[in-house]
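Engineer: Below you will find the structure I want to go over with you.
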Amino acid sequence: MKFRRVDSAQTPERELPEMLTQTLNQLGGHALVLANGEIPIFMTSSVDQLGVLKDGKIQSPELLALVRVVRRNNTKQVGVIEIPRGPIGEGRHELTVTVIPLTEGDLVLVLLSDESEAQRIDDIRRDFVANISHELKTPIGALSLLSEAVLGAKDEPISVVKFATRMQSEAKRLTDLVQEIINLSRVQDSDPLQLAQEVGVEYVVREAIDQCQISADNRNIVVTYPESTTAIVLGDRHQLIMAIHNLIENAINYSPEATKVSVSTSLTESIIDIAVSDQGIGISESEQDRIFERFYRVDPARSRQTGGTGLGLSIVKHVAAKHGGEVTVWSVENVGSTFSLRLPIYEASIESPQ
Ligand code: ADP
């Protein structure tokens, strides 16, 4: 059923004209009808997923303000509201709202649409394309110069081998960059909370550690995860593994050989904190805000050496925000860093004592 009566003890029994409910039903969007006191008396079932209501009440002060204006002036109002994706973090969902008075001083109709969210994603994409073109120019330019060098040195086998080897590493860099660009744009475009799966935190942590094993072995670094957790989060399993993988891969890359990387999970008030700590080079306080920007690297030469693309942490930030969480950093130069991916857990999942 697409259209339904809201079940609530305080909801007065109200009948709406069938023509209205049928019309709203046919429109196929998100719609709410509010009675005096901002009590929803009808809503389309899709409204539930938007996070606009909690315990049958409207959460957004901006929406309540718009409704008040409509009641006062008895005229239609259009606005944009932001709904938090979770209890922490900066993840927001933008909705365009149209509020229409139905009966003077009583019933108002609220129509919600994702238009502004689509516009926001479009803006991000346009920006991103500009950054990408710039980043791709470096390895492509290098490949072009190296191929000229190979041609120029065709009678000197040693030089040919040298230039061809560098071509291989530039080609690998290009492949990694393209892969990360695809990963980031997938994360930016998706909404993991709409098609959410129940994901075991321990499973994603162990999977991410497994994926980093070869890099860890190459640098003689041990990655430990002594705990276990039964916490479950709602979201996209692949995105979560990718985010934790990026944090562990960075911890390995920005640490001296034969050091330790430790992963831990702890639960406080419905938030699971997945922390990745290293004994590495650390990040100065002034850089700590910037490292989550796309293509930002503290030391481009080192990042280039480790095959970094400058996109890893921006992927983590997006994954966190899309899951209604956040990523935070604690770091001291030459001491080490701890990155924490904090996510709201699925309320129905029960954490056993750790
Ligand atoms: P990259 O691909 O360059 O690693 P990221 O977005 O993953 O890109 O990280 C951005 C920058 O933040 C890195 O270039 C590095 O300077 C810094 N950084 C990230 N993680 C760590 C860490 N664990 N220790 C020290 N510096 C780090």
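Ligands are numbered from 1 in the order shown, chains are lettered A, B, ... in the order of the structure tokens, and residues start at 1 in each chain.
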Sorted by chain and rising residue number, list the residues of chain A at most 7 Å from ligand 1 (counting only C-alpha atoms and all ligand atoms), each with its closest atom pair and distance in Å to one decimal, as JSON lines.

Structural biologist:
```
{"residue": "A:Asn246", "atom": "CA", "partner": "ligand 1", "partner_atom_place_in_ligand_line": "7 (O)", "distance": 6.5}
{"residue": "A:Leu247", "atom": "CA", "partner": "ligand 1", "partner_atom_place_in_ligand_line": "20 (N)", "distance": 6.7}
{"residue": "A:Asn250", "atom": "CA", "partner": "ligand 1", "partner_atom_place_in_ligand_line": "20 (N)", "distance": 4.6}
{"residue": "A:Ala251", "atom": "CA", "partner": "ligand 1", "partner_atom_place_in_ligand_line": "23 (N)", "distance": 3.9}
{"residue": "A:Tyr254", "atom": "CA", "partner": "ligand 1", "partner_atom_place_in_ligand_line": "24 (N)", "distance": 4.7}
{"residue": "A:Ser255", "atom": "CA", "partner": "ligand 1", "partner_atom_place_in_ligand_line": "24 (N)", "distance": 6.8}
{"residue": "A:Asp278", "atom": "CA", "partner": "ligand 1", "partner_atom_place_in_ligand_line": "23 (N)", "distance": 6.4}
{"residue": "A:Gly280", "atom": "CA", "partner": "ligand 1", "partner_atom_place_in_ligand_line": "24 (N)", "distance": 5.8}
{"residue": "A:Ile281", "atom": "CA", "partner": "ligand 1", "partner_atom_place_in_ligand_line": "25 (C)", "distance": 5.4}
{"residue": "A:Gly282", "atom": "CA", "partner": "ligand 1", "partner_atom_place_in_ligand_line": "25 (C)", "distance": 4.4}
{"residue": "A:Ile283", "atom": "CA", "partner": "ligand 1", "partner_atom_place_in_ligand_line": "25 (C)", "distance": 5.3}
{"residue": "A:Ile291", "atom": "CA", "partner": "ligand 1", "partner_atom_place_in_ligand_line": "12 (O)", "distance": 4.6}
{"residue": "A:Phe292", "atom": "CA", "partner": "ligand 1", "partner_atom_place_in_ligand_line": "6 (O)", "distance": 6.0}
{"residue": "A:Arg294", "atom": "CA", "partner": "ligand 1", "partner_atom_place_in_ligand_line": "6 (O)", "distance": 6.7}
{"residue": "A:Phe295", "atom": "CA", "partner": "ligand 1", "partner_atom_place_in_ligand_line": "6 (O)", "distance": 6.5}
{"residue": "A:Tyr296", "atom": "CA", "partner": "ligand 1", "partner_atom_place_in_ligand_line": "10 (C)", "distance": 5.6}
{"residue": "A:Arg297", "atom": "CA", "partner": "ligand 1", "partner_atom_place_in_ligand_line": "14 (O)", "distance": 3.4}
{"residue": "A:Val298", "atom": "CA", "partner": "ligand 1", "partner_atom_place_in_ligand_line": "16 (O)", "distance": 3.7}
{"residue": "A:Asp299", "atom": "CA", "partner": "ligand 1", "partner_atom_place_in_ligand_line": "16 (O)", "distance": 5.3}
{"residue": "A:Pro300", "atom": "CA", "partner": "ligand 1", "partner_atom_place_in_ligand_line": "14 (O)", "distance": 6.4}
{"residue": "A:Ser303", "atom": "CA", "partner": "ligand 1", "partner_atom_place_in_ligand_line": "3 (O)", "distance": 4.5}
{"residue": "A:Gly307", "atom": "CA", "partner": "ligand 1", "partner_atom_place_in_ligand_line": "2 (O)", "distance": 6.8}
{"residue": "A:Gly308", "atom": "CA", "partner": "ligand 1", "partner_atom_place_in_ligand_line": "2 (O)", "distance": 3.1}
{"residue": "A:Thr309", "atom": "CA", "partner": "ligand 1", "partner_atom_place_in_ligand_line": "2 (O)", "distance": 3.8}
{"residue": "A:Gly310", "atom": "CA", "partner": "ligand 1", "partner_atom_place_in_ligand_line": "8 (O)", "distance": 3.1}
{"residue": "A:Leu311", "atom": "CA", "partner": "ligand 1", "partner_atom_place_in_ligand_line": "6 (O)", "distance": 4.2}
{"residue": "A:Gly312", "atom": "CA", "partner": "ligand 1", "partner_atom_place_in_ligand_line": "7 (O)", "distance": 3.5}
{"residue": "A:Leu313", "atom": "CA", "partner": "ligand 1", "partner_atom_place_in_ligand_line": "6 (O)", "distance": 3.7}
{"residue": "A:Ser314", "atom": "CA", "partner": "ligand 1", "partner_atom_place_in_ligand_line": "6 (O)", "distance": 5.6}
{"residue": "A:Gly336", "atom": "CA", "partner": "ligand 1", "partner_atom_place_in_ligand_line": "24 (N)", "distance": 6.7}
{"residue": "A:Ser337", "atom": "CA", "partner": "ligand 1", "partner_atom_place_in_ligand_line": "23 (N)", "distance": 5.5}
```

Engineer: Step one, run DSSP on the backbone; step two, keep only residues of stretch 52-279 of chain A assigned to alpha helix (DSSP H); then write them as a PyMOL selection string.

Structural biologist: chain A and resi 61-73+115-152+157-189+201-211+213-218+237-253

Engineer: If we count only C-alpha atoms and set the cut-off at 9 Å, which residues sit around A:Glu227, ignoring sequence neighbours fewer than 2 positions away in its own chain? Please answer as a PyMOL selection string.

Structural biologist: chain A and resi 202+225+229+263-266+354

Engineer: With distances taken over only C-alpha atoms, which of A:Val205, A:Asp210, A:Asp217, A:Asp236 is nearest to A:Ala275?

Structural biologist: A:Val205

Engineer: Which residue gives the smallest distance to A:Met43 among A:Ala258, A:Val108, A:Ile83, A:Ile272, with only C-alpha atoms counted?

Structural biologist: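 Among the listed residues, the smallest separation from A:Met43 belongs to A:Val108.
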
Engineer: Quick one: everything within 10 Å of stretch 143-157 of chain A, counting only C-alpha atoms, minus sequence neighbours fewer than 3 positions away in the same chain. Send it as a ChimeraX atom specification.

Structural biologist: /A:137-140,160-171,174

Engineer: Could you tell me which of A:Gln26, A:Gln179, A:Thr224, A:Ser60 comes closest to A:Glu38 if we count only C-alpha atoms?

Structural biologist: A:Ser60

Engineer: Calculated over only C-alpha atoms, which of the candidates A:Ile88, A:Val110, A:Met19, A:Ala65 has the smallest distance to A:Thr44?

Structural biologist: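 Smallest separation from A:Thr44 among the options: A:Val110.
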
Engineer: Give the answer as one residue: which of A:Gly141, A:Gly105, A:Gly86, A:Pro256 has the shortest atom-to-atom distance to A:Tyr346, using only C-alpha atoms?

Structural biologist: A:Gly86

Engineer: Would you mind telling me which residue in A:Arg92, A:His245, A:Arg125, A:Lys317 lies nearest to A:Arg206 when using only C-alpha atoms?

Structural biologist: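 Ranking A:Arg92, A:His245, A:Arg125, A:Lys317 by distance to A:Arg206, first place goes to A:His245.
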
Engineer: Please measure the separation of atom CA of A:Ser215 and atom CA of A:Val261, giving the value in Å to one decimal.

Structural biologist: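 Computing the Euclidean distance for atom CA of A:Ser215 and atom CA of A:Val261 yields 12.1 Å.
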
Engineer: Leaving out A:Val33 and any residue of its chain fewer than 2 positions from it, which residues lie within 12 Å of it when counting only C-alpha atoms, given as a PyMOL selection string?

Structural biologist: chain A and resi 3-6+11+14-17+20-21+24+30-31+35-44+47+58+67+98-103+106-112

Engineer: Next, dump the selected residues to file, keeping only N, CA and C atoms, as a short mmCIF file (atom, residue, chain, number, x, y, z; two decimals), in the first residue's frame.

Structural biologist:
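Output file selection.cif follows:
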```
data_model
loop_
_atom_site.label_atom_id
_atom_site.label_comp_id
_atom_site.auth_asym_id
_atom_site.auth_seq_id
_atom_site.Cartn_x
_atom_site.Cartn_y
_atom_site.Cartn_z
N PHE A 3 -0.14 4.49 0.34
CA PHE A 3 -0.61 5.60 1.15
C PHE A 3 -1.20 5.05 2.42
N ARG A 4 -0.85 5.63 3.56
CA ARG A 4 -1.40 5.02 4.76
C ARG A 4 -1.67 6.03 5.85
N ARG A 5 -2.53 5.62 6.76
CA ARG A 5 -2.84 6.44 7.92
C ARG A 5 -1.69 6.28 8.91
N VAL A 6 -1.30 7.38 9.58
CA VAL A 6 -0.23 7.28 10.57
C VAL A 6 -0.81 6.73 11.86
N THR A 11 -2.79 10.74 17.42
CA THR A 11 -3.36 11.13 16.14
C THR A 11 -4.89 11.08 16.18
N ARG A 14 -9.04 11.28 11.60
CA ARG A 14 -9.42 12.28 10.62
C ARG A 14 -9.60 11.60 9.28
N GLU A 15 -10.60 11.97 8.58
CA GLU A 15 -10.80 11.44 7.23
C GLU A 15 -10.43 12.51 6.23
N LEU A 16 -9.60 12.15 5.27
CA LEU A 16 -9.29 13.09 4.20
C LEU A 16 -10.11 12.72 2.99
N PRO A 17 -10.47 13.70 2.16
CA PRO A 17 -11.22 13.36 0.95
C PRO A 17 -10.44 12.35 0.11
N LEU A 20 -8.20 13.53 -2.69
CA LEU A 20 -6.88 14.06 -2.32
C LEU A 20 -5.89 12.92 -2.11
N THR A 21 -6.30 11.92 -1.33
CA THR A 21 -5.37 10.82 -1.04
C THR A 21 -5.01 10.08 -2.32
N LEU A 24 -2.49 12.22 -4.35
CA LEU A 24 -1.14 12.16 -3.78
C LEU A 24 -0.50 10.81 -4.07
N HIS A 30 7.03 11.92 -2.16
CA HIS A 30 6.89 11.84 -0.71
C HIS A 30 5.92 12.95 -0.28
N ALA A 31 4.84 12.58 0.42
CA ALA A 31 3.86 13.58 0.83
C ALA A 31 3.36 13.32 2.24
N ALA A 35 -2.05 18.02 10.53
CA ALA A 35 -3.18 18.71 11.17
C ALA A 35 -2.61 19.74 12.13
N ASN A 36 -3.46 20.53 12.73
CA ASN A 36 -3.02 21.52 13.71
C ASN A 36 -2.14 20.86 14.76
N GLY A 37 -1.09 21.57 15.22
CA GLY A 37 -0.18 20.97 16.18
C GLY A 37 0.89 20.17 15.46
N GLU A 38 0.93 20.29 14.14
CA GLU A 38 1.91 19.61 13.26
C GLU A 38 1.89 18.09 13.44
N ILE A 39 0.69 17.57 13.60
CA ILE A 39 0.55 16.12 13.73
C ILE A 39 0.27 15.53 12.34
N PRO A 40 1.15 14.61 11.88
CA PRO A 40 0.89 14.02 10.57
C PRO A 40 -0.33 13.09 10.63
N ILE A 41 -1.33 13.34 9.79
CA ILE A 41 -2.48 12.45 9.80
C ILE A 41 -2.46 11.49 8.61
N PHE A 42 -1.68 11.82 7.61
CA PHE A 42 -1.46 10.90 6.50
C PHE A 42 -0.05 11.09 5.96
N MET A 43 0.55 10.03 5.47
CA MET A 43 1.82 10.20 4.75
C MET A 43 2.03 9.03 3.81
N THR A 44 2.79 9.28 2.76
CA THR A 44 3.14 8.17 1.87
C THR A 44 4.19 7.32 2.60
N VAL A 47 7.96 8.25 3.11
CA VAL A 47 8.40 9.32 4.01
C VAL A 47 9.25 8.76 5.15
N ILE A 58 7.63 15.72 13.53
CA ILE A 58 8.57 16.30 12.57
C ILE A 58 9.83 16.74 13.30
N VAL A 67 6.09 25.56 7.81
CA VAL A 67 4.68 25.24 8.03
C VAL A 67 4.00 26.39 8.78
N THR A 98 7.74 21.67 -0.47
CA THR A 98 6.67 22.58 -0.86
C THR A 98 5.56 22.39 0.15
N VAL A 99 5.17 23.47 0.81
CA VAL A 99 4.11 23.39 1.82
C VAL A 99 2.89 24.16 1.32
N ILE A 100 1.77 23.48 1.26
CA ILE A 100 0.56 24.07 0.66
C ILE A 100 -0.58 24.05 1.69
N PRO A 101 -1.26 25.20 1.93
CA PRO A 101 -2.39 25.17 2.87
C PRO A 101 -3.57 24.45 2.22
N LEU A 102 -4.23 23.56 2.98
CA LEU A 102 -5.39 22.84 2.44
C LEU A 102 -6.68 23.45 3.00
N THR A 103 -6.71 23.58 4.34
CA THR A 103 -7.88 24.24 4.94
C THR A 103 -7.36 25.33 5.85
N ASP A 106 -5.75 24.90 9.51
CA ASP A 106 -5.73 23.52 9.99
C ASP A 106 -4.82 22.63 9.13
N LEU A 107 -5.35 22.07 8.07
CA LEU A 107 -4.57 21.08 7.32
C LEU A 107 -3.58 21.72 6.35
N VAL A 108 -2.34 21.20 6.36
CA VAL A 108 -1.37 21.63 5.34
C VAL A 108 -0.79 20.38 4.69
N LEU A 109 -0.45 20.54 3.42
CA LEU A 109 0.14 19.45 2.66
C LEU A 109 1.63 19.73 2.50
N VAL A 110 2.47 18.74 2.80
CA VAL A 110 3.92 18.91 2.65
C VAL A 110 4.39 17.93 1.58
N LEU A 111 4.98 18.47 0.51
CA LEU A 111 5.55 17.61 -0.54
C LEU A 111 7.06 17.69 -0.44
N LEU A 112 7.72 16.54 -0.43
CA LEU A 112 9.18 16.53 -0.28
C LEU A 112 9.80 15.90 -1.53
#
```
